[in-house]
$ cat final_6.cif   # mmCIF, C-alpha atoms
data_entry
loop_
_atom_site.label_atom_id
_atom_site.label_comp_id
_atom_site.auth_asym_id
_atom_site.auth_seq_id
_atom_site.Cartn_x
_atom_site.Cartn_y
_atom_site.Cartn_z
CA MET A 1 242.06 -43.16 -128.41
CA GLU A 2 242.13 -46.42 -126.50
CA LEU A 3 241.86 -49.68 -128.41
CA SER A 4 239.40 -52.09 -126.83
CA MET A 5 240.80 -55.60 -126.73
CA PRO A 6 238.43 -58.57 -126.79
CA PRO A 7 238.31 -60.45 -123.50
CA PRO A 8 240.33 -63.67 -123.49
CA GLN A 9 238.33 -66.83 -124.10
CA ILE A 10 238.63 -69.37 -121.30
CA TYR A 11 237.84 -72.99 -122.01
CA VAL A 12 236.02 -73.99 -118.88
CA GLU A 13 234.72 -77.38 -119.93
CA LYS A 14 235.84 -80.48 -121.81
CA THR A 15 233.87 -83.24 -123.48
CA LEU A 16 234.68 -86.45 -125.31
CA ALA A 17 233.86 -86.75 -129.00
CA ILE A 18 234.14 -89.98 -130.98
CA ILE A 19 234.08 -90.35 -134.74
CA LYS A 20 232.72 -93.87 -135.08
CA PRO A 21 234.25 -96.57 -137.31
CA ASP A 22 231.93 -96.24 -140.31
CA ILE A 23 232.71 -92.54 -140.90
CA VAL A 24 236.40 -92.31 -139.96
CA ASP A 25 237.08 -91.35 -143.56
CA LYS A 26 235.13 -88.13 -142.90
CA GLU A 27 237.44 -87.12 -140.04
CA GLU A 28 239.00 -84.12 -141.75
CA GLU A 29 235.71 -82.42 -142.62
CA ILE A 30 234.24 -83.20 -139.19
CA GLN A 31 237.30 -81.71 -137.48
CA ASP A 32 236.86 -78.62 -139.65
CA ILE A 33 233.26 -78.28 -138.40
CA ILE A 34 234.45 -78.77 -134.81
CA LEU A 35 237.09 -76.03 -135.09
CA ARG A 36 234.75 -73.62 -136.86
CA SER A 37 232.26 -74.16 -134.03
CA GLY A 38 234.68 -72.68 -131.52
CA PHE A 39 236.13 -75.85 -130.04
CA THR A 40 239.77 -76.58 -129.37
CA ILE A 41 240.86 -80.18 -130.00
CA VAL A 42 242.95 -80.76 -126.88
CA GLN A 43 243.96 -84.33 -127.72
CA ARG A 44 243.22 -86.89 -130.40
CA ARG A 45 243.70 -90.63 -130.70
CA LYS A 46 242.94 -93.08 -133.48
CA LEU A 47 242.46 -96.56 -132.05
CA HIS A 48 240.72 -99.86 -132.64
CA LEU A 49 238.81 -101.06 -129.58
CA SER A 50 238.15 -104.70 -128.84
CA PRO A 51 234.56 -105.80 -128.07
CA GLU A 52 235.59 -106.10 -124.41
CA HIS A 53 236.83 -102.50 -124.33
CA CYS A 54 233.60 -101.35 -126.01
CA SER A 55 231.59 -103.22 -123.38
CA ASN A 56 233.50 -101.41 -120.63
CA PHE A 57 233.05 -98.04 -122.31
CA TYR A 58 229.29 -98.52 -122.73
CA VAL A 59 228.82 -100.27 -119.39
CA GLU A 60 225.75 -98.14 -118.60
CA GLN A 61 224.00 -99.67 -121.62
CA TYR A 62 224.72 -103.23 -120.50
CA GLY A 63 221.66 -105.48 -120.56
CA LYS A 64 219.77 -103.51 -123.22
CA MET A 65 218.61 -105.28 -126.37
CA PHE A 66 220.92 -103.31 -128.65
CA PHE A 67 224.05 -103.77 -126.50
CA PRO A 68 225.62 -106.68 -128.50
CA ASN A 69 225.08 -104.83 -131.78
CA LEU A 70 226.51 -101.64 -130.26
CA THR A 71 229.74 -103.30 -129.12
CA ALA A 72 230.07 -105.08 -132.47
CA TYR A 73 229.59 -101.79 -134.33
CA MET A 74 232.06 -99.85 -132.19
CA SER A 75 234.72 -102.57 -132.48
CA SER A 76 234.24 -103.06 -136.24
CA GLY A 77 237.15 -100.78 -137.16
CA PRO A 78 239.32 -97.86 -136.04
CA LEU A 79 237.63 -94.88 -134.43
CA VAL A 80 238.86 -91.39 -133.57
CA ALA A 81 238.53 -90.11 -129.99
CA MET A 82 239.00 -86.42 -129.24
CA ILE A 83 238.92 -84.21 -126.17
CA LEU A 84 237.06 -81.03 -127.12
CA ALA A 85 237.23 -77.84 -125.08
CA ARG A 86 235.23 -74.62 -125.09
CA TYR A 87 232.70 -72.79 -122.93
CA ASN A 88 229.73 -75.13 -122.30
CA ALA A 89 231.47 -77.78 -124.39
CA ILE A 90 229.23 -80.66 -123.33
CA SER A 91 225.88 -79.07 -124.14
CA TYR A 92 227.13 -77.35 -127.29
CA TRP A 93 228.61 -80.55 -128.73
CA LYS A 94 225.36 -82.41 -127.97
CA GLU A 95 223.46 -79.66 -129.77
CA LEU A 96 225.68 -80.03 -132.83
CA LEU A 97 225.21 -83.80 -132.77
CA GLY A 98 221.40 -83.76 -132.67
CA PRO A 99 219.17 -86.66 -131.57
CA SER A 100 220.90 -89.99 -130.92
CA ASN A 101 218.70 -91.72 -133.50
CA SER A 102 219.94 -90.56 -136.90
CA LEU A 103 216.57 -91.31 -138.53
CA VAL A 104 214.88 -88.95 -136.06
CA ALA A 105 217.68 -86.41 -136.52
CA LYS A 106 217.10 -86.36 -140.29
CA GLU A 107 213.44 -85.47 -139.66
CA THR A 108 213.73 -83.02 -136.77
CA HIS A 109 217.32 -81.66 -136.96
CA PRO A 110 218.37 -82.03 -140.62
CA ASP A 111 221.44 -79.81 -140.17
CA SER A 112 222.81 -81.79 -137.19
CA LEU A 113 225.90 -83.96 -137.56
CA ARG A 114 224.04 -87.20 -136.91
CA ALA A 115 221.49 -86.30 -139.57
CA ILE A 116 224.28 -85.62 -142.07
CA TYR A 117 226.64 -88.50 -141.25
CA GLY A 118 224.50 -91.06 -139.43
CA THR A 119 222.61 -93.99 -140.92
CA ASP A 120 220.09 -95.23 -138.36
CA GLU A 121 219.44 -95.59 -134.64
CA LEU A 122 222.56 -97.70 -134.03
CA ARG A 123 224.98 -96.28 -136.58
CA ASN A 124 224.66 -92.65 -135.56
CA ALA A 125 228.18 -91.62 -136.63
CA LEU A 126 229.36 -89.65 -133.59
CA HIS A 127 229.44 -89.79 -129.81
CA GLY A 128 229.29 -87.03 -127.23
CA SER A 129 229.41 -87.16 -123.44
CA ASN A 130 225.99 -86.75 -121.83
CA ASP A 131 227.06 -84.69 -118.80
CA PHE A 132 230.14 -83.69 -116.81
CA ALA A 133 230.35 -86.98 -114.88
CA ALA A 134 230.15 -88.94 -118.14
CA ALA A 135 232.72 -86.67 -119.79
CA GLU A 136 235.13 -87.17 -116.91
CA ARG A 137 234.76 -90.97 -117.00
CA GLU A 138 234.92 -91.24 -120.79
CA ILE A 139 237.94 -88.96 -121.16
CA ARG A 140 239.81 -90.98 -118.55
CA PHE A 141 238.83 -94.17 -120.39
CA MET A 142 240.15 -92.98 -123.75
CA PHE A 143 242.99 -90.81 -122.41
CA PRO A 144 244.14 -92.39 -119.12
CA ALA A 145 246.93 -89.85 -118.52
CA VAL A 146 244.64 -86.81 -118.68
CA ILE A 147 243.40 -85.00 -115.56
CA VAL A 148 239.94 -83.51 -116.07
CA GLU A 149 239.47 -80.30 -114.11
CA PRO A 150 236.94 -77.56 -114.89
CA ILE A 151 238.44 -74.09 -114.49
CA PRO A 152 236.57 -72.46 -111.59
CA VAL A 153 234.81 -69.14 -112.18
CA GLY A 154 232.78 -66.77 -110.01
CA GLN A 155 232.12 -67.95 -106.48
CA ALA A 156 233.78 -71.29 -107.23
CA ALA A 157 236.99 -69.43 -108.07
CA LYS A 158 236.80 -67.44 -104.82
CA ASP A 159 236.23 -70.63 -102.83
CA TYR A 160 239.20 -72.27 -104.54
CA LEU A 161 241.46 -69.31 -103.77
CA ASN A 162 240.35 -69.18 -100.12
CA LEU A 163 240.83 -72.92 -99.67
CA TYR A 164 244.02 -73.63 -101.63
CA VAL A 165 245.88 -70.40 -102.47
CA THR A 166 245.38 -67.82 -99.71
CA PRO A 167 246.63 -69.95 -96.78
CA THR A 168 249.93 -70.74 -98.51
CA LEU A 169 250.36 -67.16 -99.71
CA LEU A 170 249.78 -65.79 -96.20
CA LYS A 171 252.42 -68.13 -94.79
CA GLY A 172 254.87 -66.99 -97.46
CA LEU A 173 254.18 -63.30 -96.84
CA THR A 174 254.53 -63.79 -93.08
CA GLU A 175 257.88 -65.49 -93.54
CA LEU A 176 258.91 -62.76 -95.97
CA CYS A 177 258.32 -60.11 -93.29
CA LYS A 178 260.44 -62.08 -90.85
CA GLN A 179 263.33 -62.67 -93.24
CA LYS A 180 263.39 -59.20 -94.89
CA PRO A 181 265.39 -60.36 -97.93
CA ALA A 182 267.17 -57.94 -100.26
CA ASP A 183 264.98 -58.96 -103.21
CA PRO A 184 261.54 -59.81 -101.78
CA PHE A 185 260.03 -60.78 -105.15
CA ILE A 186 262.67 -63.38 -105.95
CA TRP A 187 262.61 -64.66 -102.37
CA LEU A 188 258.83 -65.09 -102.36
CA ALA A 189 258.87 -66.78 -105.76
CA ASP A 190 261.47 -69.28 -104.53
CA TRP A 191 259.55 -69.84 -101.28
CA LEU A 192 256.31 -70.57 -103.13
CA LEU A 193 258.04 -73.04 -105.42
CA LYS A 194 259.46 -74.92 -102.43
CA ASN A 195 256.32 -74.81 -100.30
CA ASN A 196 253.53 -75.12 -102.85
CA PRO A 197 251.14 -77.85 -101.58
CA ASN A 198 249.19 -77.84 -104.85
CA LYS A 199 251.52 -79.15 -107.51
CA PRO A 200 250.47 -78.42 -111.09
CA LYS A 201 248.08 -81.08 -112.35
CA LEU A 202 247.81 -80.19 -116.01
CA CYS A 203 250.15 -81.81 -118.52
CA HIS A 204 250.22 -80.77 -122.15
CA HIS A 205 250.77 -83.80 -124.35
CA PRO A 206 251.27 -83.62 -128.10
CA VAL A 207 248.44 -84.81 -130.30
CA ALA A 208 249.07 -88.52 -130.84
CA GLU A 209 247.75 -91.08 -133.30
CA GLU A 210 247.64 -94.68 -132.23
CA SER A 211 246.23 -97.84 -133.72
CA TYR A 212 245.42 -100.97 -131.78
#

$ encode --input "final_6.cif" --output "structure tokens"
Amino acid sequence: MELSMPPPQIYVEKTLAIIKPDIVDKEEEIQDIILRSGFTIVQRRKLHLSPEHCSNFYVEQYGKMFFPNLTAYMSSGPLVAMILARYNAISYWKELLGPSNSLVAKETHPDSLRAIYGTDELRNALHGSNDFAAAEREIRFMFPAVIVEPIPVGQAAKDYLNLYVTPTLLKGLTELCKQKPADPFIWLADWLLKNNPNKPKLCHHPVAEESY
């Protein structure tokens, strides 16, 4: 009798989550909710942003009436920034958060995180990236050393292989046929290491805690 193994889960998307200054003391229970919701916490930082840094982070909100209060709120104390990963991470995290106005969230989505932890329209407890472009920018802002790359699937994966992998592999196999080494596997592995035009871009950094 064959045992059926569950297919491996591939985290194809990342998003930025922020636990805002007024609920940092709830970090442990919020992280527990995040993990139980199927996310992996790729990286975490605890930091205190200056008003200038907050202005740069929320640059798209510049000029709006609430902007000064927003930057004052976000710079009022330490916050926790996290890179979250899972399938459809951006939309799923937004769904967990609920409406951006916590007062609305309490009425329409009482089980959402902003309904539970938020206070009002400004102090809504948590942040989530709005879309992939925002996630990429915000992750780079909070974690400058991180490279944000979605893992390609389907046709995108085929296109990636045809564009970046197949040409190099064909060159290696052609050279392998010419050289006829005693151990072709070892020879090809060494050749690919020396001639790989696509150096690995992902670095795994330990979870760090920083205060500024």

$ resolve_selection --input "final_6.cif" --expression "the PyMOL selection byres ((chain A and resi 105) around 12)" --output "ChimeraX atom specification"
/A:95-104,106-121,124-125

$ write_last_selection --input "final_6.cif" --atoms "C-alpha atoms" --output "tab-separated table (two decimals), in the coordinates of the input"
chain	number	residue	atom	x	y	z
A	95	GLU	CA	223.46	-79.66	-129.77
A	96	LEU	CA	225.68	-80.03	-132.83
A	97	LEU	CA	225.21	-83.80	-132.77
A	98	GLY	CA	221.40	-83.76	-132.67
A	99	PRO	CA	219.17	-86.66	-131.57
A	100	SER	CA	220.90	-89.99	-130.92
A	101	ASN	CA	218.70	-91.72	-133.50
A	102	SER	CA	219.94	-90.56	-136.90
A	103	LEU	CA	216.57	-91.31	-138.53
A	104	VAL	CA	214.88	-88.95	-136.06
A	106	LYS	CA	217.10	-86.36	-140.29
A	107	GLU	CA	213.44	-85.47	-139.66
A	108	THR	CA	213.73	-83.02	-136.77
A	109	HIS	CA	217.32	-81.66	-136.96
A	110	PRO	CA	218.37	-82.03	-140.62
A	111	ASP	CA	221.44	-79.81	-140.17
A	112	SER	CA	222.81	-81.79	-137.19
A	113	LEU	CA	225.90	-83.96	-137.56
A	114	ARG	CA	224.04	-87.20	-136.91
A	115	ALA	CA	221.49	-86.30	-139.57
A	116	ILE	CA	224.28	-85.62	-142.07
A	117	TYR	CA	226.64	-88.50	-141.25
A	118	GLY	CA	224.50	-91.06	-139.43
A	119	THR	CA	222.61	-93.99	-140.92
A	120	ASP	CA	220.09	-95.23	-138.36
A	121	GLU	CA	219.44	-95.59	-134.64
A	124	ASN	CA	224.66	-92.65	-135.56
A	125	ALA	CA	228.18	-91.62	-136.63

$ atom_distance --input "final_6.cif" --atom1 "CA of Met74 in chain A" --atom2 "CA of Pro21 in chain A"
6.5 Å

$ closest_residue --input "final_6.cif" --among "A:Ser50, A:Thr166, A:Ser37, A:Gln179" --to "Asn196 in chain A" --atoms "only C-alpha atoms"
A:Thr166

$ closest_residue --input "final_6.cif" --among "A:Asp32, A:Met82, A:Gly172, A:Phe143" --to "Pro184 in chain A" --atoms "only C-alpha atoms"
A:Gly172

$ closest_residue --input "final_6.cif" --among "A:Ile30, A:Leu49, A:Thr15, A:Ala135" --to "Ser76 in chain A" --atoms "all atoms listed in the file"
A:Leu49

$ resolve_selection --input "final_6.cif" --expression "the PyMOL selection byres ((chain A and resi 16) around 8)" --output "JSON, numbers by chain"
{"A": [14, 15, 17, 18, 81, 82, 83, 84, 127, 128, 129, 135, 138, 139]}

$ atom_distance --input "final_6.cif" --atom1 "CA of Thr40 in chain A" --atom2 "CA of Glu13 in chain A"
10.7 Å

$ build_atoms --input "final_6.cif" --residues "range 50-61 of chain A" --atoms "all heavy atoms" --output "compact mmCIF listing (two decimals), in the frame of the given file"
# COMPACT_ATOMS: atom_id res chain seq x y z
N SER A 50 238.66 -103.33 -128.83
CA SER A 50 238.15 -104.70 -128.84
C SER A 50 236.70 -104.68 -128.35
O SER A 50 236.25 -103.72 -127.73
CB SER A 50 238.98 -105.57 -127.90
OG SER A 50 238.78 -105.18 -126.55
N PRO A 51 235.93 -105.74 -128.61
CA PRO A 51 234.56 -105.80 -128.07
C PRO A 51 234.52 -105.66 -126.56
O PRO A 51 233.60 -105.05 -126.01
CB PRO A 51 234.07 -107.19 -128.52
CG PRO A 51 234.86 -107.49 -129.76
CD PRO A 51 236.22 -106.88 -129.51
N GLU A 52 235.54 -106.21 -125.87
CA GLU A 52 235.59 -106.10 -124.41
C GLU A 52 235.76 -104.65 -123.98
O GLU A 52 235.10 -104.19 -123.03
CB GLU A 52 236.74 -106.95 -123.87
CG GLU A 52 236.54 -108.46 -123.99
CD GLU A 52 236.75 -108.97 -125.42
OE1 GLU A 52 237.40 -108.25 -126.22
OE2 GLU A 52 236.26 -110.07 -125.73
N HIS A 53 236.64 -103.91 -124.65
CA HIS A 53 236.83 -102.50 -124.33
C HIS A 53 235.55 -101.70 -124.61
O HIS A 53 235.19 -100.80 -123.83
CB HIS A 53 237.99 -101.90 -125.14
CG HIS A 53 239.33 -102.21 -124.58
ND1 HIS A 53 240.20 -103.08 -125.18
CD2 HIS A 53 239.94 -101.78 -123.45
CE1 HIS A 53 241.31 -103.18 -124.46
NE2 HIS A 53 241.17 -102.40 -123.40
N CYS A 54 234.86 -102.03 -125.70
CA CYS A 54 233.60 -101.35 -126.01
C CYS A 54 232.56 -101.62 -124.93
O CYS A 54 231.80 -100.73 -124.55
CB CYS A 54 233.08 -101.80 -127.37
SG CYS A 54 234.11 -101.25 -128.76
N SER A 55 232.53 -102.87 -124.44
CA SER A 55 231.59 -103.22 -123.38
C SER A 55 231.87 -102.40 -122.12
O SER A 55 230.94 -101.95 -121.44
CB SER A 55 231.69 -104.72 -123.06
OG SER A 55 231.30 -105.50 -124.17
N ASN A 56 233.14 -102.21 -121.81
CA ASN A 56 233.50 -101.41 -120.63
C ASN A 56 233.15 -99.94 -120.83
O ASN A 56 232.71 -99.27 -119.89
CB ASN A 56 234.99 -101.56 -120.33
CG ASN A 56 235.35 -102.94 -119.83
OD1 ASN A 56 234.52 -103.63 -119.24
ND2 ASN A 56 236.58 -103.37 -120.07
N PHE A 57 233.34 -99.45 -122.04
CA PHE A 57 233.05 -98.04 -122.31
C PHE A 57 231.55 -97.76 -122.21
O PHE A 57 231.13 -96.74 -121.65
CB PHE A 57 233.56 -97.64 -123.70
CG PHE A 57 233.36 -96.19 -124.03
CD1 PHE A 57 234.21 -95.22 -123.51
CD2 PHE A 57 232.32 -95.78 -124.85
CE1 PHE A 57 234.03 -93.88 -123.81
CE2 PHE A 57 232.13 -94.44 -125.15
CZ PHE A 57 232.99 -93.49 -124.62
N TYR A 58 230.74 -98.69 -122.74
CA TYR A 58 229.29 -98.52 -122.73
C TYR A 58 228.63 -99.33 -121.62
O TYR A 58 227.53 -99.84 -121.78
CB TYR A 58 228.71 -98.93 -124.09
CG TYR A 58 228.97 -97.95 -125.20
CD1 TYR A 58 229.90 -98.22 -126.19
CD2 TYR A 58 228.29 -96.73 -125.26
CE1 TYR A 58 230.15 -97.32 -127.22
CE2 TYR A 58 228.53 -95.83 -126.27
CZ TYR A 58 229.45 -96.12 -127.26
OH TYR A 58 229.69 -95.23 -128.27
N VAL A 59 229.30 -99.43 -120.48
CA VAL A 59 228.82 -100.27 -119.39
C VAL A 59 227.42 -99.87 -118.93
O VAL A 59 226.63 -100.73 -118.51
CB VAL A 59 229.82 -100.23 -118.20
CG1 VAL A 59 229.91 -98.84 -117.61
CG2 VAL A 59 229.46 -101.27 -117.16
N GLU A 60 227.08 -98.59 -119.04
CA GLU A 60 225.75 -98.14 -118.60
C GLU A 60 224.64 -98.67 -119.51
O GLU A 60 223.47 -98.65 -119.12
CB GLU A 60 225.72 -96.61 -118.55
CG GLU A 60 226.63 -96.02 -117.48
CD GLU A 60 226.61 -94.50 -117.48
OE1 GLU A 60 225.99 -93.93 -118.40
OE2 GLU A 60 227.22 -93.90 -116.58
N GLN A 61 224.99 -99.12 -120.70
CA GLN A 61 224.00 -99.67 -121.62
C GLN A 61 223.88 -101.19 -121.51
O GLN A 61 223.07 -101.80 -122.21
CB GLN A 61 224.37 -99.30 -123.07
CG GLN A 61 224.62 -97.83 -123.31
CD GLN A 61 223.36 -96.99 -123.15
OE1 GLN A 61 222.26 -97.50 -123.18
NE2 GLN A 61 223.54 -95.69 -122.97
